[in-house]
2 protein chains.
Amino acid sequence: VTLPARLSGVLCPVVTPFKTDLSPDPDRLIRQSQWLLSQGVGLAVFGTTSEGNSLSVDEKIALLDRLAEAGIDLSRMMAGTGCCALSDTVRLTRHAVEVGCAGVLMLPPFYYKAVGDDGLFDSYAGVIDRVASDRLRIYLYHIPPVAQVGLSIDLVERLVRRYPDTVVGIKDSSGDWDNTLALLRRRWDDFRVFAGSEGFLLRTLQHGGAGCISATANVNGAAIRRLFLNWRDPQAVAEQEQLDALRRLFQAYPMIPALKAVIAAHTADGEWQTVRPPLVALRTEQKRSLLASLDERAFAMPGLPGRHCINP
Amino acid sequence: VTLPARLSGVLCPVVTPFKTDLSPDPDRLIRQSQWLLSQGVGLAVFGTTSEGNSLSVDEKIALLDRLAEAGIDLSRMMAGTGCCALSDTVRLTRHAVEVGCAGVLMLPPFYYKAVGDDGLFDSYAGVIDRVASDRLRIYLYHIPPVAQVGLSIDLVERLVRRYPDTVVGIKDSSGDWDNTLALLRRRWDDFRVFAGSEGFLLRTLQHGGAGCISATANVNGAAIRRLFLNWRDPQAVAEQEQLDALRRLFQAYPMIPALKAVIAAHTADGEWQTVRPPLVALRTEQKRSLLASLDERAFAMPGLPGRHCINP
């Protein structure tokens, strides 16, 4: 078995489809994943945008198995595996390694707040030591606006130095460019820094970063991928501005329900709008105005049926 | 089967003992629970102080089964069952009802922040409708300093009005007396308001509250219980002051490791000090100074072996 290569490029925290009874829908997830891969986008299942923490470990394991059985290219996929309980994180991470994921995107335990770096180090070390696999590749997940528990650069450095072949990258969703820049400037050996959104993609690449993992890649992956490929070209600044404009449009709404509403419209499949509580689907008027503003920009999702009216 | 009676009095968020391999230790949990019941204290397993969110659902189900098999009086126990994932909360809540817990203490899903009351209402309603048991008694768990997702009084009112026989109380760990007072003043029919610590116990009882659920009840339950019984007596103010003084002493340290260190010393069982990451056990000098300050107050845990030296 070959060891997983480190990831780069544009990855998508794939939205998780639910049936109307709120159970996860593996068939839709497989189709959406196949479509994303066809757009040149890698997969980051069970991220924040995936409602990953609204899924049980059993549900995530079952979805991983279905993705693997469907022949999804797991060498282009990382799975979110960081839970509050060490035992959950170990179990899910072990399974992600066993099915062959290229990596895992690992939140710190996020219930207890104001914990110190020592306890967070012990958390990651506890997982790594228990999973005990030379195939484990961890991308740390720093998202203090949501998790409220962040990863200091000192802590990242301790982990990289202690586990240089395992702790191989980070997604920085702090929204703080100075923090991303500080991570990029450390230049640990082949360490992969991903911007937490495409808003920082050009700057991240200019400073030696690996790419981005972005919510809007669920609907706009090909365009983000184009900037990833063209970032040295003269038109890169204009491309970044276009990505930013589309992103701002989504940011006027709750992001996850907005993405699902747009996917529902473009796959002509209203059930895609379903979210798990505590999230709430867009109201009809929100949906109408979001879709209208996308229409104004002639927004399309290449290869999907195309924009349809969807019922609330 | 008789329906569970609503709870009142002093309840303890029982600290969860771990073996040195960090697996939960049911035998120690049973002994600690028996001791707490002998002190007149009810049980709230899997609360914040219990490192409840550092345990998987499987681990919590196994511990509930062991407590039930050991004959622990479940009519005096609530179990923390609120997880991030609806499916986890449903499964654990259903099990707590099946084994016969008098109630459950239910956090809202706490990963996504700035969610609205509608989504939180749907979360609780989703659990209640799926568990679908007339034996389910929910005590809402409002702890914004940790969960960062709180329960507005409007939301509580909506839940009580929609599910008057199921949503029967709240633990208010906001640390905000005005919020507790506002809850007490609503006087919903037989709704049980518990202070989140004994620091508000006297005031809570003076305003018609049900009692408190307090971390320090793990070591000082009998004294807290005494105030619960004597709150109309002249010495109540002095008793409250004594409880506050002991509480302040613990608050100079990380609370959960401090409680475990004291239990370790008083049961002459050093393994009690073990915490799961991200928490970190007290350092030797912290332990020494905490135990010394308790010795100065002639602190004892009635019925336990008594204060011993414990190794780091």
# chains A, B, ... in the order shown; residues from 1 in each chain; ligands from 1
>>> select_by_dssp(residues="region 32-274 of chain A", states="helix (DSSP H, G or I)", output="VMD selection string")
chain A and resid 32 to 38 52 to 54 57 to 69 74 to 76 86 to 99 117 to 131 144 to 147 153 to 162 177 to 186 198 to 206 217 to 230 236 to 251 255 to 267 270 to 273
>>> interface_residues(of="chain A", to="chain B", cutoff="9 Å", atoms="only C-alpha atoms", output="PyMOL selection string")
chain A and resi 23+48+51-57+59+83-88+108-113+115-124+126+145-148+276-280
>>> write_last_selection(atoms="N, CA and C atoms", output="tab-separated table (two decimals), in the first residue's frame")
chain	number	residue	atom	x	y	z
A	23	SER	N	-32.38	11.98	7.89
A	23	SER	CA	-31.28	11.02	7.80
A	23	SER	C	-30.38	11.41	6.63
A	48	THR	N	-17.16	21.96	8.46
A	48	THR	CA	-18.18	22.82	9.06
A	48	THR	C	-19.34	23.00	8.09
A	51	GLU	N	-22.04	20.35	7.74
A	51	GLU	CA	-22.79	19.99	8.95
A	51	GLU	C	-22.18	18.74	9.59
A	52	GLY	N	-20.87	18.63	9.49
A	52	GLY	CA	-20.16	17.44	9.97
A	52	GLY	C	-20.41	17.16	11.44
A	53	ASN	N	-20.50	18.24	12.23
A	53	ASN	CA	-20.73	18.03	13.66
A	53	ASN	C	-22.20	17.81	13.99
A	54	SER	N	-23.04	17.85	12.99
A	54	SER	CA	-24.44	17.47	13.20
A	54	SER	C	-24.69	16.02	12.83
A	55	LEU	N	-23.61	15.29	12.53
A	55	LEU	CA	-23.68	13.87	12.20
A	55	LEU	C	-23.04	13.06	13.32
A	56	SER	N	-23.60	11.90	13.61
A	56	SER	CA	-22.96	11.01	14.59
A	56	SER	C	-21.76	10.32	13.93
A	57	VAL	N	-20.90	9.76	14.75
A	57	VAL	CA	-19.76	9.01	14.22
A	57	VAL	C	-20.25	7.83	13.38
A	59	GLU	N	-22.96	7.64	11.64
A	59	GLU	CA	-23.44	8.16	10.35
A	59	GLU	C	-22.26	8.52	9.44
A	83	CYS	N	-13.74	15.37	16.88
A	83	CYS	CA	-14.94	15.42	17.72
A	83	CYS	C	-14.56	15.94	19.10
A	84	CYS	N	-15.55	16.10	19.97
A	84	CYS	CA	-15.27	16.55	21.34
A	84	CYS	C	-14.62	15.44	22.16
A	85	ALA	N	-15.00	14.20	21.89
A	85	ALA	CA	-14.53	13.08	22.70
A	85	ALA	C	-13.36	12.38	22.00
A	86	LEU	N	-12.28	12.23	22.72
A	86	LEU	CA	-11.10	11.53	22.19
A	86	LEU	C	-11.49	10.20	21.56
A	87	SER	N	-12.36	9.46	22.24
A	87	SER	CA	-12.74	8.13	21.75
A	87	SER	C	-13.44	8.22	20.40
A	88	ASP	N	-14.27	9.26	20.21
A	88	ASP	CA	-14.94	9.45	18.91
A	88	ASP	C	-13.92	9.81	17.83
A	108	PRO	N	-9.83	20.59	16.96
A	108	PRO	CA	-9.55	20.24	18.36
A	108	PRO	C	-10.87	19.94	19.07
A	109	PRO	N	-10.83	19.27	20.21
A	109	PRO	CA	-12.06	19.12	21.00
A	109	PRO	C	-12.56	20.53	21.34
A	110	PHE	N	-13.85	20.78	21.13
A	110	PHE	CA	-14.31	22.17	21.12
A	110	PHE	C	-15.37	22.49	22.16
A	111	TYR	N	-15.65	21.55	23.07
A	111	TYR	CA	-16.65	21.91	24.10
A	111	TYR	C	-16.02	22.77	25.19
A	112	TYR	N	-14.96	22.32	25.78
A	112	TYR	CA	-14.32	23.08	26.86
A	112	TYR	C	-13.57	24.25	26.26
A	113	LYS	N	-13.77	25.44	26.84
A	113	LYS	CA	-13.15	26.64	26.31
A	113	LYS	C	-11.96	27.05	27.20
A	115	VAL	N	-9.01	26.21	27.15
A	115	VAL	CA	-8.06	25.16	27.49
A	115	VAL	C	-6.69	25.58	26.97
A	116	GLY	N	-5.65	25.05	27.53
A	116	GLY	CA	-4.30	25.47	27.15
A	116	GLY	C	-3.72	24.63	26.04
A	117	ASP	N	-2.57	25.08	25.54
A	117	ASP	CA	-1.88	24.36	24.47
A	117	ASP	C	-1.48	22.95	24.91
A	118	ASP	N	-1.15	22.78	26.19
A	118	ASP	CA	-0.74	21.45	26.65
A	118	ASP	C	-1.88	20.44	26.48
A	119	GLY	N	-3.07	20.85	26.86
A	119	GLY	CA	-4.21	19.95	26.74
A	119	GLY	C	-4.57	19.67	25.29
A	120	LEU	N	-4.41	20.69	24.42
A	120	LEU	CA	-4.70	20.47	23.00
A	120	LEU	C	-3.63	19.60	22.37
A	121	PHE	N	-2.39	19.81	22.77
A	121	PHE	CA	-1.32	18.92	22.29
A	121	PHE	C	-1.63	17.48	22.69
A	122	ASP	N	-2.00	17.29	23.95
A	122	ASP	CA	-2.34	15.93	24.42
A	122	ASP	C	-3.50	15.34	23.63
A	123	SER	N	-4.45	16.20	23.24
A	123	SER	CA	-5.60	15.71	22.47
A	123	SER	C	-5.15	15.14	21.13
A	124	TYR	N	-4.36	15.93	20.40
A	124	TYR	CA	-3.89	15.45	19.09
A	124	TYR	C	-2.94	14.26	19.26
A	126	GLY	N	-2.91	12.15	21.63
A	126	GLY	CA	-3.69	10.99	22.05
A	126	GLY	C	-4.34	10.28	20.87
A	145	PRO	N	-13.69	31.23	14.88
A	145	PRO	CA	-15.01	31.88	14.91
A	145	PRO	C	-16.14	30.90	15.20
A	146	VAL	N	-15.96	29.63	14.89
A	146	VAL	CA	-17.02	28.64	15.14
A	146	VAL	C	-16.64	27.75	16.33
A	147	ALA	N	-15.50	27.10	16.24
A	147	ALA	CA	-15.12	26.17	17.31
A	147	ALA	C	-14.86	26.90	18.62
A	148	GLN	N	-14.44	28.16	18.54
A	148	GLN	CA	-14.09	28.96	19.72
A	148	GLN	C	-12.83	28.45	20.40
A	276	ARG	N	-30.08	20.00	8.88
A	276	ARG	CA	-30.39	19.50	10.22
A	276	ARG	C	-30.45	20.67	11.19
A	277	PRO	N	-31.36	20.64	12.14
A	277	PRO	CA	-31.28	21.65	13.17
A	277	PRO	C	-29.96	21.51	13.95
A	278	PRO	N	-29.36	22.58	14.43
A	278	PRO	CA	-29.98	23.89	14.65
A	278	PRO	C	-30.02	24.80	13.43
A	279	LEU	N	-29.57	24.34	12.27
A	279	LEU	CA	-29.66	25.21	11.09
A	279	LEU	C	-31.11	25.21	10.59
A	280	VAL	N	-31.42	26.24	9.84
A	280	VAL	CA	-32.76	26.45	9.33
A	280	VAL	C	-32.64	26.74	7.83
>>> closest_residue(among="B:Val90, B:Val104, B:Met77, B:Ala96", to="Ile61 (chain B)", atoms="only C-alpha atoms")
B:Ala96
>>> select_by_dssp(residues="region 130-280 of chain B", states="strand (DSSP E)", output="number ranges by chain")
B: 138-142, 167-172, 192-195, 211-213
>>> closest_residue(among="B:Leu7, B:Ile263, B:Ala44, B:Ala238", to="Arg31 (chain B)", atoms="only C-alpha atoms")
B:Ile263
>>> closest_residue(among="A:Val262, A:Leu159, A:Leu67, A:Ala223", to="Gln242 (chain A)", atoms="only C-alpha atoms")
A:Ala223
>>> atom_distance(atom1="CA of Ile170 (chain A)", atom2="CA of Tyr139 (chain A)")
4.7 Å
>>> atom_distance(atom1="CA of Ser293 (chain B)", atom2="CA of Gly47 (chain B)")
26.7 Å
>>> closest_residue(among="B:Gly169, B:Pro17, B:Gly71, B:Gly196", to="Ile256 (chain B)", atoms="only C-alpha atoms")
B:Pro17
